[in-house]
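Undergrad: Please find one structure pasted underneath; my questions will follow.
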Amino acid sequence: MSNDVVLALVVITGLSFDFTNGFHDTANAMATSIATHALGPRTAVLLSAVLNLVGAFLSLSVAATIANGLVSTGLVTLTVVFAGLAGAIIWNLITWLFGIPSSSSHALIGGVIGATLAAAGSHAVKWQGLVSKVIIPAVLSPFIAALVATIGTYLVYRIAGSMREGSRRHGFRIGQVGSASLVSLAHGTNDAQKTMGIITLALISNGTLAAGATTPLWVIVLCALSIASGTYAGGWRVIRTLGKGLVEIEPPQGFAAESSSAAVILLSTHFGYSLSTTQVATGSILGCGLGKKGAQVRWNVAGRMGVAWIITLPSAGLMGAISYFIAHAVGGTAGVLVDLVLLIGISAAIYWRSRRTSVSQKNVNSAWTGTVAPAPGGVTP
Amino acid sequence: MDRHGRPGTGWRDPVTGWISLRAIGEIIVVGLLAGAGLPALFALGLRALGTPGKGHVKVSDEELVGGNPAGNAIAAVCFAVVLAAVGYGIYIIVISGHGAK
């Protein structure tokens with residue numbers, strides 16, 4: 001009985017994480033299109049939400065990797081999964097508050113690994129899987145994306161540089177709608193899978209599903225809906241940092257950046273590999289700044305992101321471990337409930353804090369003045 | 001599991017168990033073709049489409065079609081290749097993603 005309560009809480013918390021994953025990552029697909037006015041902010045998040053929903057049904061290879069590849073399923077309990085999810089949500093909310101496009105995937109993986117470490121010790125973690133499937137590709141993928149986007153941007157300006165400015169802007173804005181749609185679809189095929197994988201892991205560890213079972217349909221549907229509604233909510237703070245903070249983007253650059261992101265994410269999904277879509281998108285946007293002569297890249301913003309990337313795994317891990325210790329100290333279902341109350345309290349506090357420097361579809365494109373929150377009275381150009 | 005039935009091989013080398021250089025190479029090469037080559041082709045299409053034809057009168061600064069027959073034909077080919085490549089990519093993802101079950 002009590003196990004079923006905990007299982008239900010794990011599923012709900014998992015779906016909540018998927019929601020934060022959605023709004024944290026809307027920027028990956030749509031930041032550049034919003035920045036260049038290829039799409040209005042509301043249209044952009046709606047389009048992205050619908051395509052995330054569709055994408056979530058397209059492929060299941062990443063879910064399998066997450067469910068089986070990183071921790072020993074036999075040593076993972078429901079409390080561990082819950083604590084990991086709680087840690088991941090808190091880290092996602094903190095980075096969102098600062099408008100940092102950190103990886104939701106790393107938050108999730110870090111949270112679950114931290115909780116597993118706290119519960120069962122280091123032998124429960126498949127370190128080789130972690131290094132070869134998460135850490136090394138995490139280091140490589142932004143560089144690959146940046147390389148592809150740099151070359152793409154260079155070629156696009158080489159070819160279309162002589163076109164009349166107005167026609168070029170118009171044409172590439174249309175191209176951007178297509179390429180941004182592809183990134184949204186790719187995001188659905190990759191990121192929605194991760195929560196499906198974690199919920200499947202919980203169902204397996206509870207004995208509801210046999211080990212090695214595939215993801216049930218109701219999990220796919222609920223995860224798809226959660227990530228889509230999160231995407232629709234729009235993480236305006238992160239959209240602003242990626243669209244305005246890193247590089248001032250013109251339509252041809254945005255188009256090249258999104259094409260690079262879509263190609264790299266879809267390729268990795270094809271390999272059954274769980275990739276950080278955020279890091280790929282950021283790498284691509286940096287690349288589109290590098291590939292255009294005279295474009296300004298704000299390296300201080302890029303540097304801050306780089307730091308966030310490095311600390312995301314350990315920080316989310318630490319939070320996952322702390323939530324596990326709290327739940328374990330109280331014990332049983334009550335422990336999970338205490339964790340839940342803390343999680344809701346902290347989330348509410350972060351949301352309340354975010355209201356003081358609100359970023360919304362109204363001011364997301366205001367001129368970059370060095371901070372996520374635009375100067376008061378800042379007007380959309 | 002991937003489409004070959006190996007449990008989540010990802011970028012892992014089946015021999016050493018660590019990162020597979022071949023997979024990285026494949027991602028870079030195919031990534032460049034799809035992620036940089038296709039945008040270049042799209043740019044070529046836009047430029048060809050905008051090439052002014054005989055007696056063309058400009059109606060707006062943002063107009064896309066210049067009305068040159070050869071330009072239009074080149075543009076059609078470019079856009080068709082881009083669309084076909086994208087469609088093929090999505091097709092592959094769907095096939096391999098559900099073959100995994």
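Letters A, B, ... go to the chains of the structure tokens in the order shown; residues in each chain start at 1; ligands are counted from 1 in the same order.
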Per DSSP on the backbone, filter region 139-260 of chain A down to the residues in alpha helix (DSSP H) and report them as JSON, numbers by chain.
TA: {"A": [139, 140, 141, 142, 143, 144, 145, 146, 147, 148, 149, 150, 151, 152, 153, 154, 155, 156, 157, 158, 159, 160, 165, 166, 167, 168, 169, 170, 171, 172, 173, 174, 175, 176, 177, 178, 179, 180, 181, 182, 183, 184, 185, 186, 187, 188, 189, 190, 191, 192, 193, 194, 195, 196, 197, 198, 199, 200, 201, 202, 203, 204, 205, 217, 218, 219, 220, 221, 222, 223, 224, 225, 226, 227, 228, 229, 230, 231, 232, 233, 236, 237, 238, 239, 240, 251, 252, 253, 254, 255, 256, 257, 258, 259, 260]}
Undergrad: Near chain B, meaning an atom within 8 Å, which residues of chain A appear when counting only C-alpha atoms? Write them as a PyMOL selection string.
TA: chain A and resi 58-62+64-65+69+128+132-133+136-137+144+148-149+151-153+155-156+159-160+163-171+175+214+255-256+259-264+266-274
Undergrad: Env of region 34-36 of chain A: 8 Å cut, atoms = only C-alpha atoms, seq-sep filter 4 positions within chain, self excluded. Answer as a PyMOL selection string.
TA: chain A and resi 30+40-41+44+173+243-244+249-251+254+365
Undergrad: Write the residues of the selection above to a file with C-alpha atoms, as a short mmCIF file (atom, residue, chain, number, x, y, z; two decimals), in the first residue's frame.
TA:
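For reference, out16.cif as written:
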```
data_model
loop_
_atom_site.label_atom_id
_atom_site.label_comp_id
_atom_site.auth_asym_id
_atom_site.auth_seq_id
_atom_site.Cartn_x
_atom_site.Cartn_y
_atom_site.Cartn_z
CA MET A 30 12.99 28.93 -30.31
CA GLY A 40 6.16 35.87 -32.50
CA PRO A 41 6.95 34.69 -28.95
CA ALA A 44 6.94 30.12 -31.22
CA ARG A 173 13.10 33.79 -41.51
CA GLY A 243 18.56 34.67 -28.06
CA LYS A 244 19.94 38.03 -26.97
CA ILE A 249 21.58 37.05 -34.22
CA GLU A 250 20.42 37.74 -37.78
CA PRO A 251 18.04 35.36 -39.59
CA GLY A 254 19.71 31.67 -36.59
CA ASN A 365 13.73 40.77 -26.81
#
```
Undergrad: Could you tell me which of A:Gly230, A:Pro314, A:Gly22, A:Gly370 comes closest to Lys194 (chain A) if we count only C-alpha atoms?
TA: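 Among A:Gly230, A:Pro314, A:Gly22, A:Gly370, it is A:Gly22 that comes nearest to Lys194 (chain A).
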Undergrad: Skip region 293-301 of chain A itself and residues of its chain fewer than 3 positions away, then list as a list in words all residues within 8 Å of it, counting only C-alpha atoms.
TA: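 Selected residues are Gly245, Leu246, Val247, Glu248, Leu286, Gly289, Leu290, Arg304 and Met305 of chain A.
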Undergrad: Need to verify the contact set: Met319 (chain A), 10 Å, only C-alpha atoms, exclusion of same-chain residues closer than 4 positions in sequence. Can you return it as a PyMOL selection string?
TA: chain A and resi 83-91+107+110-112+114-115+314-315+323-325
Undergrad: Show which residues sit within 10 Å of Gly55 (chain B), as a count of residues only. Count only C-alpha atoms, and ignore same-chain residues fewer than 2 positions away.
TA: 6
